[in-house]
Amino acid sequence: MILLNCSTKLQMLEQMLRSNFPESLKVYGAVMNMNRGNPFQKEVVLDAWPDFKTVITRRKKQAKTDDLDHYTNAYAVFYKDSKAYRKLLEEPDIINWEQVFQIQGLQDEIYEVSKAVANLKQLDVNLTSFKAIEFSSFPMPDVNSRVASSPQLSYLSVAEADLLNRTWSRGGNEQCHRYLANLIYCFPSVCVRDENGKPVSWAITDQFATMIHGYTLPEHRRKGYSRLVSVTLARKLQSRGFPCQGNVLDDNTASITLLKSLNAQFLPCRFHRLILTPRAFTV
């Protein structure tokens, strides 16, 4: 195991990962954030350097953690050889198997390999798979003509994390509230505000430079706000050199229709999110 903490080598890794798109996008997004201030306190471990076969990004061990916070306790994985991934996963001190955590990646064998190792360590594994999408660098469609009025575009504040926690399908708990507040503080967000200054539609960016939690309050739907927010955030990420990536569940037909209308590219790989829970936390 190699802990890559040299800034020059991290810059090199960022460039090397580009040649492995789209499968390396999650790790690439995390490494980009690391090379731009590292606001989420991440680090990179590899099986070898520079001829690596597996890269894992993880939370720094000295960073404050909550053993129940699988949102923050998140690993991104990219491998060129699934056997090398399993070998690295089995090494001591790579993964904290004593807490609830998640593994993300865009390669199909991530689930099989991770589950095999997790079973040996007495953890339950919950898999959710998504369509993976990316907004291309060419200009996206003009959305202003599709908006019902002249909305007030802004960005979210940490104080509004409670609203996001209550409306996110994955939220509703203390860990999620804290995680969303950290995302809002660290990464780009976009929202539409009503005449009272309250957010009515929004999207945020996560620790892997992925656009997430696109949501419009029910009473403000069908006004073009989701299109406006999505395109504005994508353009903001593009202006900073980040890839504009996202995920959507197969049965979310409204979002899929929206993404197609925005010329989003549906990637050939799927996004896999594994939540791993030690059985001590499930009894």
# chains A, B, ... in the order shown; residues from 1 in each chain; ligands from 1
>>> closest_atom_pairs(of="stretch 201-226 of chain A", to="stretch 36-48 of chain A", cutoff="12 Å", atoms="only C-alpha atoms", output="JSON lines")
{"residue": "A:Asp206", "atom": "CA", "partner": "A:Phe40", "partner_atom": "CA", "distance": 9.6}
{"residue": "A:Gln207", "atom": "CA", "partner": "A:Phe40", "partner_atom": "CA", "distance": 6.7}
{"residue": "A:Phe208", "atom": "CA", "partner": "A:Phe40", "partner_atom": "CA", "distance": 9.8}
{"residue": "A:Ala209", "atom": "CA", "partner": "A:Phe40", "partner_atom": "CA", "distance": 11.2}
>>> write_last_selection(atoms="N, CA, C and O atoms", output="PDB file, in the first residue's frame")
ATOM      1  N   ASP A 206     -21.100  17.052  -4.521  1.00  0.00           N
ATOM      2  CA  ASP A 206     -20.597  16.246  -3.403  1.00  0.00           C
ATOM      3  C   ASP A 206     -19.075  16.157  -3.409  1.00  0.00           C
ATOM      4  O   ASP A 206     -18.387  16.803  -4.208  1.00  0.00           O
ATOM      5  N   GLN A 207     -18.547  15.335  -2.520  1.00  0.00           N
ATOM      6  CA  GLN A 207     -17.101  15.212  -2.325  1.00  0.00           C
ATOM      7  C   GLN A 207     -16.386  14.580  -3.510  1.00  0.00           C
ATOM      8  O   GLN A 207     -15.153  14.642  -3.612  1.00  0.00           O
ATOM      9  N   PHE A 208     -17.142  13.972  -4.439  1.00  0.00           N
ATOM     10  CA  PHE A 208     -16.560  13.371  -5.635  1.00  0.00           C
ATOM     11  C   PHE A 208     -16.823  14.226  -6.871  1.00  0.00           C
ATOM     12  O   PHE A 208     -16.729  13.735  -7.996  1.00  0.00           O
ATOM     13  N   ALA A 209     -17.167  15.485  -6.647  1.00  0.00           N
ATOM     14  CA  ALA A 209     -17.460  16.427  -7.729  1.00  0.00           C
ATOM     15  C   ALA A 209     -18.637  15.952  -8.576  1.00  0.00           C
ATOM     16  O   ALA A 209     -18.663  16.136  -9.791  1.00  0.00           O
TER      17      ALA A 209
END
>>> select_by_dssp(residues="stretch 155-209 of chain A", states="alpha helix (DSSP H)", output="VMD selection string")
chain A and resid 161 to 167 174 to 186
>>> closest_atom_pairs(of="stretch 46-133 of chain A", to="stretch 172-176 of chain A", cutoff="12 Å", atoms="only C-alpha atoms", output="CSV")
residue,atom,partner,partner_atom,distance
A:Thr65,CA,A:Gln175,CA,10.3
A:Asp66,CA,A:Gln175,CA,8.0
A:Asp67,CA,A:Gln175,CA,9.9
A:Leu68,CA,A:Gln175,CA,7.4
A:Asp69,CA,A:Gln175,CA,5.3
A:His70,CA,A:Gln175,CA,8.1
A:Tyr71,CA,A:Cys176,CA,6.7
A:Thr72,CA,A:Gln175,CA,8.4
A:Asn73,CA,A:Gln175,CA,10.5
A:Val100,CA,A:Gln175,CA,11.4
A:Phe101,CA,A:Gln175,CA,11.9
>>> write_last_selection(atoms="N, CA and C atoms", output="PDB file, in the first residue's frame")
ATOM      1  N   THR A  65     -14.535  11.848  12.696  1.00  0.00           N
ATOM      2  CA  THR A  65     -15.532  10.999  12.053  1.00  0.00           C
ATOM      3  C   THR A  65     -16.588  10.547  13.049  1.00  0.00           C
ATOM      4  N   ASP A  66     -17.716  10.153  12.503  1.00  0.00           N
ATOM      5  CA  ASP A  66     -18.811   9.555  13.253  1.00  0.00           C
ATOM      6  C   ASP A  66     -18.987   8.154  12.679  1.00  0.00           C
ATOM      7  N   ASP A  67     -18.912   7.139  13.502  1.00  0.00           N
ATOM      8  CA  ASP A  67     -18.954   5.760  13.004  1.00  0.00           C
ATOM      9  C   ASP A  67     -20.282   5.399  12.342  1.00  0.00           C
ATOM     10  N   LEU A  68     -21.315   6.215  12.532  1.00  0.00           N
ATOM     11  CA  LEU A  68     -22.605   5.949  11.894  1.00  0.00           C
ATOM     12  C   LEU A  68     -22.816   6.779  10.630  1.00  0.00           C
ATOM     13  N   ASP A  69     -21.848   7.615  10.284  1.00  0.00           N
ATOM     14  CA  ASP A  69     -21.999   8.563   9.176  1.00  0.00           C
ATOM     15  C   ASP A  69     -21.440   7.972   7.876  1.00  0.00           C
ATOM     16  N   HIS A  70     -22.265   7.171   7.202  1.00  0.00           N
ATOM     17  CA  HIS A  70     -21.784   6.585   5.948  1.00  0.00           C
ATOM     18  C   HIS A  70     -21.712   7.605   4.826  1.00  0.00           C
ATOM     19  N   TYR A  71     -22.332   8.767   5.001  1.00  0.00           N
ATOM     20  CA  TYR A  71     -22.253   9.822   3.991  1.00  0.00           C
ATOM     21  C   TYR A  71     -20.816  10.352   3.887  1.00  0.00           C
ATOM     22  N   THR A  72     -20.245  10.661   5.031  1.00  0.00           N
ATOM     23  CA  THR A  72     -18.891  11.215   5.078  1.00  0.00           C
ATOM     24  C   THR A  72     -17.830  10.126   4.996  1.00  0.00           C
ATOM     25  N   ASN A  73     -18.107   8.978   5.615  1.00  0.00           N
ATOM     26  CA  ASN A  73     -17.157   7.858   5.597  1.00  0.00           C
ATOM     27  C   ASN A  73     -17.255   7.149   4.244  1.00  0.00           C
ATOM     28  N   VAL A 100     -19.816   2.289   9.870  1.00  0.00           N
ATOM     29  CA  VAL A 100     -20.682   2.250   8.699  1.00  0.00           C
ATOM     30  C   VAL A 100     -20.057   3.154   7.641  1.00  0.00           C
ATOM     31  N   PHE A 101     -19.946   2.664   6.427  1.00  0.00           N
ATOM     32  CA  PHE A 101     -19.304   3.470   5.381  1.00  0.00           C
ATOM     33  C   PHE A 101     -19.855   3.086   4.019  1.00  0.00           C
TER      34      PHE A 101
END
>>> select_by_dssp(residues="stretch 194-244 of chain A", states="strand (DSSP E)", output="PyMOL selection string")
chain A and resi 199-205+210-216+244
>>> write_last_selection(atoms="N, CA and C atoms", output="PDB file, in the first residue's frame")
ATOM      1  N   PRO A 199     -35.249  29.076  -0.577  1.00  0.00           N
ATOM      2  CA  PRO A 199     -34.933  28.195  -1.697  1.00  0.00           C
ATOM      3  C   PRO A 199     -36.157  27.354  -2.081  1.00  0.00           C
ATOM      4  N   VAL A 200     -36.417  27.275  -3.391  1.00  0.00           N
ATOM      5  CA  VAL A 200     -37.530  26.449  -3.875  1.00  0.00           C
ATOM      6  C   VAL A 200     -37.055  25.376  -4.851  1.00  0.00           C
ATOM      7  N   SER A 201     -35.841  25.526  -5.363  1.00  0.00           N
ATOM      8  CA  SER A 201     -35.257  24.540  -6.283  1.00  0.00           C
ATOM      9  C   SER A 201     -33.748  24.630  -6.149  1.00  0.00           C
ATOM     10  N   TRP A 202     -33.062  23.480  -6.182  1.00  0.00           N
ATOM     11  CA  TRP A 202     -31.627  23.527  -5.932  1.00  0.00           C
ATOM     12  C   TRP A 202     -30.931  22.256  -6.427  1.00  0.00           C
ATOM     13  N   ALA A 203     -29.599  22.346  -6.468  1.00  0.00           N
ATOM     14  CA  ALA A 203     -28.720  21.195  -6.693  1.00  0.00           C
ATOM     15  C   ALA A 203     -27.388  21.528  -6.035  1.00  0.00           C
ATOM     16  N   ILE A 204     -26.695  20.505  -5.552  1.00  0.00           N
ATOM     17  CA  ILE A 204     -25.419  20.706  -4.872  1.00  0.00           C
ATOM     18  C   ILE A 204     -24.373  19.762  -5.468  1.00  0.00           C
ATOM     19  N   THR A 205     -23.150  19.904  -5.006  1.00  0.00           N
ATOM     20  CA  THR A 205     -22.032  19.087  -5.473  1.00  0.00           C
ATOM     21  C   THR A 205     -21.461  18.320  -4.291  1.00  0.00           C
ATOM     22  N   THR A 210     -19.622  15.350  -7.913  1.00  0.00           N
ATOM     23  CA  THR A 210     -20.824  14.864  -8.575  1.00  0.00           C
ATOM     24  C   THR A 210     -21.993  15.773  -8.223  1.00  0.00           C
ATOM     25  N   MET A 211     -22.797  16.117  -9.215  1.00  0.00           N
ATOM     26  CA  MET A 211     -24.006  16.902  -8.981  1.00  0.00           C
ATOM     27  C   MET A 211     -25.057  15.987  -8.346  1.00  0.00           C
ATOM     28  N   ILE A 212     -25.561  16.384  -7.164  1.00  0.00           N
ATOM     29  CA  ILE A 212     -26.514  15.544  -6.439  1.00  0.00           C
ATOM     30  C   ILE A 212     -27.659  16.388  -5.887  1.00  0.00           C
ATOM     31  N   HIS A 213     -28.659  15.687  -5.348  1.00  0.00           N
ATOM     32  CA  HIS A 213     -29.809  16.274  -4.661  1.00  0.00           C
ATOM     33  C   HIS A 213     -30.441  17.410  -5.467  1.00  0.00           C
ATOM     34  N   GLY A 214     -30.688  17.139  -6.752  1.00  0.00           N
ATOM     35  CA  GLY A 214     -31.472  18.080  -7.528  1.00  0.00           C
ATOM     36  C   GLY A 214     -32.936  17.959  -7.119  1.00  0.00           C
ATOM     37  N   TYR A 215     -33.523  19.034  -6.637  1.00  0.00           N
ATOM     38  CA  TYR A 215     -34.873  18.945  -6.077  1.00  0.00           C
ATOM     39  C   TYR A 215     -35.588  20.284  -6.235  1.00  0.00           C
ATOM     40  N   THR A 216     -36.893  20.196  -6.541  1.00  0.00           N
ATOM     41  CA  THR A 216     -37.759  21.365  -6.581  1.00  0.00           C
ATOM     42  C   THR A 216     -38.974  21.100  -5.701  1.00  0.00           C
ATOM     43  N   CYS A 244     -18.734  17.402 -15.298  1.00  0.00           N
ATOM     44  CA  CYS A 244     -20.117  17.606 -14.839  1.00  0.00           C
ATOM     45  C   CYS A 244     -20.812  16.253 -14.853  1.00  0.00           C
TER      46      CYS A 244
END
>>> closest_residue(among="A:Arg240, A:Arg86, A:Arg227, A:Lys64", to="A:Leu262", atoms="only C-alpha atoms")
A:Arg227
>>> atom_distance(atom1="atom CA of A:Thr232", atom2="atom CA of A:Phe266")
19.3 Å
>>> closest_atom_pairs(of="stretch 102-206 of chain A", to="stretch 8-30 of chain A", cutoff="8 Å", atoms="only C-alpha atoms", output="JSON lines")
{"residue": "A:Gln104", "atom": "CA", "partner": "A:Lys26", "partner_atom": "CA", "distance": 7.3}
{"residue": "A:Gly105", "atom": "CA", "partner": "A:Lys26", "partner_atom": "CA", "distance": 6.2}
{"residue": "A:Leu106", "atom": "CA", "partner": "A:Glu23", "partner_atom": "CA", "distance": 5.0}
{"residue": "A:Gln107", "atom": "CA", "partner": "A:Glu23", "partner_atom": "CA", "distance": 6.3}
>>> write_last_selection(atoms="N, CA and C atoms", output="compact mmCIF listing (two decimals), in the first residue's frame")
# COMPACT_ATOMS: atom_id res chain seq x y z
N GLN A 104 -17.98 3.85 -3.49
CA GLN A 104 -18.56 4.29 -4.75
C GLN A 104 -17.63 3.96 -5.91
N GLY A 105 -18.22 3.67 -7.05
CA GLY A 105 -17.41 3.45 -8.24
C GLY A 105 -18.28 3.20 -9.45
N LEU A 106 -17.62 3.12 -10.59
CA LEU A 106 -18.31 2.98 -11.87
C LEU A 106 -17.91 1.71 -12.60
N GLN A 107 -17.57 0.66 -11.82
CA GLN A 107 -17.17 -0.62 -12.40
C GLN A 107 -17.98 -1.74 -11.76
>>> atom_distance(atom1="atom CA of A:Val117", atom2="atom CA of A:Lys87")
9.7 Å
>>> atom_distance(atom1="atom CA of A:Ala181", atom2="atom CA of A:Ile133")
24.8 Å
>>> residues_around(residues="A:Met1", least_positions_apart="3", cutoff="12 Å", atoms="only C-alpha atoms", output="ChimeraX atom specification")
/A:4,44-49,52-56,84-85,87-95
